[in-house]
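The structure under discussion appears below in the form of structure tokens.
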Amino acid sequence: MQHLSVLLVEDDPGDAGLIKYTLKYDQTDNQLAWVESFSALEQFFAEQQAKPDVILLDLNLPDSTGIETVHACKRLSRSTPIVVLTGHDDTEFALQALEAGAQDYLAKGSLDADSLSRTMRYAISRAKLEERLILSEERMAAAIEGGKLGVWDWLFDRNEFVFSDRWLATVGFKSDSPDLPGSADEWLERIHPEERPSFELAVERHLSGELPNYQCEFRLRHRDGHWVWLFESGHIIERDANGKPIRMVGVQQDISERKAMEERLTHLAMRDELTGALNRRSFMNIADREYGRIKRQKDYSVGILMLDLDKFKQVNDTYGHAAGDEVLKRFSHVVTEQLRENDVFARLGGEEFAVLLPHTEQEGVKKAAEKLRAAVEAQSIDIEEAQVIQVTTSIGVTMMHPDDERPDGGLARADKALYDAKHSGRNRCCVNIYNA
């Protein structure tokens, strides 16, 4: 059994002798130090380097009495466990001592070796648990503050959410806002319709026991009307006798900035940085998807256009690459303005571009190509020193076909038509339709 270092604070020599005798009778060779006043206790801590394992504290000292003695001793000894000694057994008084910071309470009249030893060891164990709890709460508070987390409770039996001030501030509310939603249902109605199904599924999977906790990312409508991206994590902490959930607690984090960054990165990964048009990889992914639809649906048709700016090298050589970049951007803008919302426009590289025209018959594809050619020809591009550049485009036209080798077959045909357009005078559209 572990030997204890015990500090006795007792002004009555008779009571001190009784404690000494009781500890000696315990036969555990505990080390006992004795002081007779609070001032002597202060001196003890000032002179001693090693703290005692436990303090046995009488509340009626010459220079300190009552519950204030516990407060003063706690300030002095910090984490050292305290067992309060008193001459009478009073439950209410005991609770006051525990609330003041003591770990346990023992009446002098009921002292014996077993109860004293058990009480001291219990006080030490409780002090360790309290210290761990305090550290845990401090870490949690630091994590919540550092992570800018909001805290919430979902009270199922009351159909109510309880939020921390930070959580409410994230979506523009205060606890005293006159328009603060009152029920859980009102809050759930503020979830974006696109994320509502995934939110409900995540909650249900946790409530049913399929997942150990609930986690979900979703948008919630801010008080001023815009959408805020949130990440939430929580778990059930209370159920009734039938297993029905009563209370779930969790944390929430505003991830709007992260989502905006993800959207930006996705945009950069999918689009050409200069023109804003889709890049080759994105275009090929969409073309492959459209080819799949062609294979599955016999009445579905897709047109393919390959576009190339005529004599673009001369623009760069004559006016410089900055002017060439401006031409590419203006060209992309003109083409985009002429296309439908579901049409797909991409820069494949250099001055070469491509267009997919979903759900468009052959005649419609030809008309779209001529419309693009005319719009580009009509465009005048102003550059520095009041110079104006006019450019034209050559366009190769074809239709995607289910017997093509993936979409590459259709693109090769369109590229051949583009070659024909370039070598037959430029600024024109040439058609190359699939022949079995």
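By order in the structure tokens, chains are A, B, ...; within a chain, residues start at 1; ligands start at 1, following the order shown.
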Who sits within 7 Å of stretch 200-204 of chain A, only C-alpha atoms, same chain under 3 positions skipped, as a PDB file with C-alpha atoms, in the first residue's frame:
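Wrote it out as selection-v2.pdb, contents follow:
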```pdb
ATOM      1  CA  ARG A 196     -31.639  18.781 -46.630  1.00  0.00           C
ATOM      2  CA  PRO A 197     -31.800  15.110 -47.783  1.00  0.00           C
ATOM      3  CA  LEU A 207     -30.113   7.855 -34.432  1.00  0.00           C
ATOM      4  CA  SER A 208     -30.581   4.294 -35.688  1.00  0.00           C
ATOM      5  CA  TYR A 214     -23.596  12.460 -36.748  1.00  0.00           C
ATOM      6  CA  GLN A 215     -21.545  14.509 -39.218  1.00  0.00           C
ATOM      7  CA  CYS A 216     -22.759  16.667 -42.077  1.00  0.00           C
TER       8      CYS A 216
END
```
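Contact shell of A:Trp167 at 10 Å (only C-alpha atoms; same-chain neighbours under 4 positions omitted): Lys148, Leu149, Gly150, Val151, Trp152, Val162, Phe163, Val171, Gly172, Phe173, Lys174, Val251, Gln252, Gln253 and Asp254 of chain A.
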Write out, as a compact mmCIF listing (two decimals), in the first residue's frame, the residues just selected, with all heavy atoms.
```txt
# COMPACT_ATOMS: atom_id res chain seq x y z
N LYS A 148 -12.98 28.23 -33.46
CA LYS A 148 -14.15 29.08 -33.68
C LYS A 148 -15.41 28.21 -33.84
O LYS A 148 -16.18 28.35 -34.80
CB LYS A 148 -13.94 29.97 -34.90
CG LYS A 148 -12.78 30.93 -34.76
CD LYS A 148 -12.61 31.82 -35.98
CE LYS A 148 -11.44 32.79 -35.79
NZ LYS A 148 -11.25 33.65 -36.97
N LEU A 149 -15.58 27.32 -32.88
CA LEU A 149 -16.69 26.38 -32.94
C LEU A 149 -17.89 26.90 -32.17
O LEU A 149 -17.76 27.51 -31.11
CB LEU A 149 -16.27 25.03 -32.35
CG LEU A 149 -15.05 24.34 -32.98
CD1 LEU A 149 -14.73 23.06 -32.24
CD2 LEU A 149 -15.30 24.05 -34.45
N GLY A 150 -19.07 26.64 -32.71
CA GLY A 150 -20.30 26.88 -31.97
C GLY A 150 -20.77 25.57 -31.34
O GLY A 150 -20.48 24.49 -31.85
N VAL A 151 -21.46 25.66 -30.24
CA VAL A 151 -21.93 24.48 -29.52
C VAL A 151 -23.45 24.47 -29.53
O VAL A 151 -24.09 25.53 -29.40
CB VAL A 151 -21.41 24.47 -28.06
CG1 VAL A 151 -21.86 23.21 -27.33
CG2 VAL A 151 -19.88 24.57 -28.05
N TRP A 152 -24.06 23.28 -29.69
CA TRP A 152 -25.51 23.19 -29.75
C TRP A 152 -26.02 21.94 -29.04
O TRP A 152 -25.31 20.96 -28.89
CB TRP A 152 -26.00 23.19 -31.20
CG TRP A 152 -25.33 22.19 -32.09
CD1 TRP A 152 -24.26 22.41 -32.89
CD2 TRP A 152 -25.68 20.80 -32.26
NE1 TRP A 152 -23.92 21.26 -33.56
CE2 TRP A 152 -24.77 20.26 -33.20
CE3 TRP A 152 -26.67 19.98 -31.73
CZ2 TRP A 152 -24.82 18.93 -33.60
CZ3 TRP A 152 -26.72 18.65 -32.13
CH2 TRP A 152 -25.81 18.13 -33.06
N VAL A 162 -30.79 24.41 -28.65
CA VAL A 162 -30.17 25.39 -27.75
C VAL A 162 -28.77 25.64 -28.29
O VAL A 162 -27.99 24.70 -28.46
CB VAL A 162 -30.10 24.87 -26.30
CG1 VAL A 162 -29.43 25.91 -25.42
CG2 VAL A 162 -31.50 24.55 -25.78
N PHE A 163 -28.45 26.91 -28.58
CA PHE A 163 -27.20 27.25 -29.23
C PHE A 163 -26.34 28.15 -28.35
O PHE A 163 -26.85 28.94 -27.56
CB PHE A 163 -27.45 27.99 -30.55
CG PHE A 163 -28.28 27.23 -31.54
CD1 PHE A 163 -29.56 27.67 -31.85
CD2 PHE A 163 -27.80 26.09 -32.13
CE1 PHE A 163 -30.33 26.99 -32.78
CE2 PHE A 163 -28.55 25.40 -33.06
CZ PHE A 163 -29.82 25.84 -33.38
N VAL A 171 -24.79 32.68 -38.00
CA VAL A 171 -25.91 32.86 -38.94
C VAL A 171 -26.68 34.15 -38.67
O VAL A 171 -27.83 34.29 -39.08
CB VAL A 171 -26.86 31.63 -38.89
CG1 VAL A 171 -26.20 30.44 -39.54
CG2 VAL A 171 -27.29 31.31 -37.48
N GLY A 172 -26.03 35.09 -37.98
CA GLY A 172 -26.57 36.44 -37.88
C GLY A 172 -27.55 36.71 -36.76
O GLY A 172 -28.17 37.78 -36.74
N PHE A 173 -27.71 35.77 -35.82
CA PHE A 173 -28.68 35.97 -34.75
C PHE A 173 -28.00 36.23 -33.41
O PHE A 173 -26.81 35.96 -33.24
CB PHE A 173 -29.58 34.73 -34.61
CG PHE A 173 -30.58 34.56 -35.71
CD1 PHE A 173 -30.31 33.72 -36.79
CD2 PHE A 173 -31.78 35.24 -35.67
CE1 PHE A 173 -31.23 33.55 -37.81
CE2 PHE A 173 -32.72 35.08 -36.70
CZ PHE A 173 -32.44 34.24 -37.77
N LYS A 174 -28.77 36.75 -32.48
CA LYS A 174 -28.40 36.84 -31.07
C LYS A 174 -29.48 36.13 -30.26
O LYS A 174 -30.58 35.89 -30.76
CB LYS A 174 -28.27 38.30 -30.62
CG LYS A 174 -27.15 39.06 -31.31
CD LYS A 174 -27.07 40.49 -30.78
CE LYS A 174 -25.93 41.25 -31.45
NZ LYS A 174 -25.84 42.65 -30.95
N VAL A 251 -20.96 20.18 -32.07
CA VAL A 251 -20.28 21.44 -32.38
C VAL A 251 -20.50 21.76 -33.86
O VAL A 251 -20.80 20.88 -34.67
CB VAL A 251 -18.77 21.37 -32.09
CG1 VAL A 251 -18.52 21.21 -30.61
CG2 VAL A 251 -18.11 20.23 -32.87
N GLN A 252 -20.34 23.04 -34.17
CA GLN A 252 -20.55 23.53 -35.54
C GLN A 252 -19.42 24.47 -35.89
O GLN A 252 -18.92 25.22 -35.05
CB GLN A 252 -21.90 24.23 -35.62
CG GLN A 252 -22.04 25.24 -36.74
CD GLN A 252 -21.63 26.63 -36.31
OE1 GLN A 252 -21.90 27.04 -35.19
NE2 GLN A 252 -20.95 27.35 -37.18
N GLN A 253 -18.98 24.41 -37.15
CA GLN A 253 -17.93 25.30 -37.63
C GLN A 253 -18.35 25.92 -38.95
O GLN A 253 -18.91 25.25 -39.82
CB GLN A 253 -16.63 24.51 -37.82
CG GLN A 253 -15.43 25.38 -38.20
CD GLN A 253 -14.15 24.58 -38.29
OE1 GLN A 253 -14.17 23.40 -38.59
NE2 GLN A 253 -13.03 25.22 -38.03
N ASP A 254 -18.10 27.21 -39.09
CA ASP A 254 -18.37 27.91 -40.34
C ASP A 254 -17.26 27.55 -41.34
O ASP A 254 -16.09 27.86 -41.12
CB ASP A 254 -18.37 29.43 -40.08
CG ASP A 254 -18.72 30.23 -41.33
OD1 ASP A 254 -18.74 29.66 -42.42
OD2 ASP A 254 -18.97 31.45 -41.19
```
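Of all the residues in stretch 109-230 of chain A, the ones DSSP labels as strand (DSSP E) from the backbone are A:Leu149, A:Gly150, A:Val151, A:Trp152, A:Asp153, A:Trp154, A:Leu155, A:Glu160, A:Phe161, A:Val162, A:Phe163, A:Tyr214, A:Gln215, A:Cys216, A:Glu217, A:Phe218, A:Arg219, A:Leu220, A:Arg221, A:Trp227, A:Val228, A:Trp229, A:Leu230.
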Please save N, CA and C atoms of the selected residues as a short mmCIF file (atom, residue, chain, number, x, y, z; two decimals), in the first residue's frame.
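The file below, result_33.cif, is the result:
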```cif
data_model
loop_
_atom_site.label_atom_id
_atom_site.label_comp_id
_atom_site.auth_asym_id
_atom_site.auth_seq_id
_atom_site.Cartn_x
_atom_site.Cartn_y
_atom_site.Cartn_z
N LEU A 149 -15.58 27.32 -32.88
CA LEU A 149 -16.69 26.38 -32.94
C LEU A 149 -17.89 26.90 -32.17
N GLY A 150 -19.07 26.64 -32.71
CA GLY A 150 -20.30 26.88 -31.97
C GLY A 150 -20.77 25.57 -31.34
N VAL A 151 -21.46 25.66 -30.24
CA VAL A 151 -21.93 24.48 -29.52
C VAL A 151 -23.45 24.47 -29.53
N TRP A 152 -24.06 23.28 -29.69
CA TRP A 152 -25.51 23.19 -29.75
C TRP A 152 -26.02 21.94 -29.04
N ASP A 153 -27.25 22.02 -28.59
CA ASP A 153 -28.00 20.88 -28.04
C ASP A 153 -29.28 20.74 -28.85
N TRP A 154 -29.61 19.52 -29.23
CA TRP A 154 -30.88 19.23 -29.90
C TRP A 154 -31.73 18.45 -28.92
N LEU A 155 -32.77 19.10 -28.39
CA LEU A 155 -33.67 18.48 -27.41
C LEU A 155 -34.88 17.93 -28.17
N GLU A 160 -36.60 21.36 -29.83
CA GLU A 160 -35.92 22.64 -29.57
C GLU A 160 -34.42 22.49 -29.77
N PHE A 161 -33.80 23.53 -30.31
CA PHE A 161 -32.35 23.65 -30.35
C PHE A 161 -31.92 24.68 -29.31
N VAL A 162 -30.79 24.41 -28.65
CA VAL A 162 -30.17 25.39 -27.75
C VAL A 162 -28.77 25.64 -28.29
N PHE A 163 -28.45 26.91 -28.58
CA PHE A 163 -27.20 27.25 -29.23
C PHE A 163 -26.34 28.15 -28.35
N TYR A 214 -22.98 11.75 -35.63
CA TYR A 214 -23.60 12.46 -36.75
C TYR A 214 -22.60 13.49 -37.27
N GLN A 215 -22.39 13.50 -38.59
CA GLN A 215 -21.55 14.51 -39.22
C GLN A 215 -22.18 14.92 -40.54
N CYS A 216 -22.13 16.21 -40.83
CA CYS A 216 -22.76 16.67 -42.08
C CYS A 216 -22.25 18.07 -42.43
N GLU A 217 -22.12 18.32 -43.73
CA GLU A 217 -21.86 19.66 -44.25
C GLU A 217 -23.11 20.13 -44.98
N PHE A 218 -23.55 21.35 -44.69
CA PHE A 218 -24.75 21.87 -45.34
C PHE A 218 -24.76 23.38 -45.27
N ARG A 219 -25.61 23.96 -46.09
CA ARG A 219 -25.80 25.41 -46.08
C ARG A 219 -27.03 25.78 -45.25
N LEU A 220 -26.88 26.82 -44.46
CA LEU A 220 -27.99 27.33 -43.65
C LEU A 220 -28.21 28.80 -44.01
N ARG A 221 -29.47 29.18 -44.11
CA ARG A 221 -29.78 30.56 -44.50
C ARG A 221 -29.46 31.52 -43.37
N TRP A 227 -26.38 32.39 -47.86
CA TRP A 227 -26.17 31.03 -47.36
C TRP A 227 -24.80 30.90 -46.70
N VAL A 228 -24.78 30.21 -45.57
CA VAL A 228 -23.54 29.96 -44.82
C VAL A 228 -23.28 28.45 -44.83
N TRP A 229 -22.08 28.07 -45.24
CA TRP A 229 -21.70 26.66 -45.21
C TRP A 229 -21.27 26.28 -43.79
N LEU A 230 -21.86 25.22 -43.23
CA LEU A 230 -21.55 24.76 -41.89
C LEU A 230 -21.11 23.30 -41.92
#
```
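Proximity to A:Leu23 was assessed for A:Phe353, A:Leu59, A:Leu278, A:Met120 counting only C-alpha atoms; the smallest distance is recorded for A:Met120.
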Worksheet item: Could you pull the residues within 7 Å of stretch 331-343 of chain A, counting only C-alpha atoms, minus those fewer than 6 positions along the same chain, as a count of residues only?
Response: 7
Discussion item. Please return, as a VMD selection string, all residues of stretch 201-342 of chain A that DSSP assigns to helix (DSSP H, G or I) on the basis of the backbone.
Written reply: chain A and resid 201 to 207 256 to 270 280 to 296 312 to 319 321 to 338
Export C-alpha atoms of the chosen residues as a CSV table (one decimal), in the first residue's frame?
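The resulting file, selection_32.csv, is shown below:
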```csv
chain,number,residue,atom,x,y,z
A,201,LEU,CA,-29.9,10.9,-43.8
A,202,ALA,CA,-26.8,11.7,-41.6
A,203,VAL,CA,-29.0,12.3,-38.6
A,204,GLU,CA,-31.1,9.1,-39.2
A,205,ARG,CA,-28.0,6.9,-39.6
A,206,HIS,CA,-26.8,8.1,-36.2
A,207,LEU,CA,-30.1,7.9,-34.4
A,256,SER,CA,-17.8,29.0,-45.9
A,257,GLU,CA,-14.2,30.2,-46.6
A,258,ARG,CA,-13.1,26.6,-47.1
A,259,LYS,CA,-15.9,26.0,-49.5
A,260,ALA,CA,-15.2,29.1,-51.4
A,261,MET,CA,-11.5,28.0,-51.7
A,262,GLU,CA,-12.7,24.5,-52.9
A,263,GLU,CA,-14.9,26.1,-55.5
A,264,ARG,CA,-12.0,28.3,-56.7
A,265,LEU,CA,-9.7,25.3,-56.9
A,266,THR,CA,-12.3,23.3,-58.8
A,267,HIS,CA,-12.8,26.3,-61.2
A,268,LEU,CA,-9.0,26.4,-61.7
A,269,ALA,CA,-8.8,22.7,-62.3
A,270,MET,CA,-11.7,22.7,-64.8
A,280,ARG,CA,-9.3,20.1,-72.5
A,281,ARG,CA,-9.6,17.6,-69.7
A,282,SER,CA,-13.1,18.9,-68.6
A,283,PHE,CA,-14.2,19.1,-72.3
A,284,MET,CA,-13.2,15.5,-72.9
A,285,ASN,CA,-15.0,14.3,-69.7
A,286,ILE,CA,-18.2,16.0,-70.9
A,287,ALA,CA,-17.7,14.7,-74.5
A,288,ASP,CA,-17.3,11.2,-73.1
A,289,ARG,CA,-20.6,11.5,-71.2
A,290,GLU,CA,-22.4,12.8,-74.2
A,291,TYR,CA,-21.0,9.9,-76.3
A,292,GLY,CA,-22.6,7.6,-73.7
A,293,ARG,CA,-25.9,9.2,-74.2
A,294,ILE,CA,-25.6,8.8,-78.0
A,295,LYS,CA,-25.0,5.1,-77.5
A,296,ARG,CA,-28.0,4.7,-75.2
A,312,PHE,CA,-3.3,34.2,-84.9
A,313,LYS,CA,0.5,34.0,-85.0
A,314,GLN,CA,0.5,37.2,-87.0
A,315,VAL,CA,-1.4,38.9,-84.2
A,316,ASN,CA,1.2,37.9,-81.7
A,317,ASP,CA,4.1,38.8,-84.0
A,318,THR,CA,2.6,42.2,-84.9
A,319,TYR,CA,1.0,43.4,-81.7
A,321,HIS,CA,1.5,38.5,-76.7
A,322,ALA,CA,-0.5,40.8,-74.4
A,323,ALA,CA,-2.6,41.8,-77.4
A,324,GLY,CA,-2.8,38.1,-78.4
A,325,ASP,CA,-4.1,37.3,-74.9
A,326,GLU,CA,-6.8,40.0,-75.2
A,327,VAL,CA,-7.9,38.6,-78.6
A,328,LEU,CA,-8.3,35.1,-77.1
A,329,LYS,CA,-10.3,36.5,-74.2
A,330,ARG,CA,-12.6,38.6,-76.4
A,331,PHE,CA,-13.0,35.7,-78.9
A,332,SER,CA,-14.1,33.5,-76.0
A,333,HIS,CA,-16.5,36.1,-74.7
A,334,VAL,CA,-18.1,36.5,-78.2
A,335,VAL,CA,-18.5,32.7,-78.6
A,336,THR,CA,-19.9,32.2,-75.2
A,337,GLU,CA,-22.5,34.9,-75.8
A,338,GLN,CA,-23.8,33.1,-78.9
```
Discussion item. As a PyMOL selection string, please: the residues near A:Val397 (cut-off 8 Å, only C-alpha atoms, same-chain neighbours under 3 positions excluded).
Written reply: chain A and resi 303-306+365-366+369+414+417-418+429-433
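Across the structure, atom CA of A:Ala241 and atom CA of A:Phe199 are spaced 26.5 Å apart.
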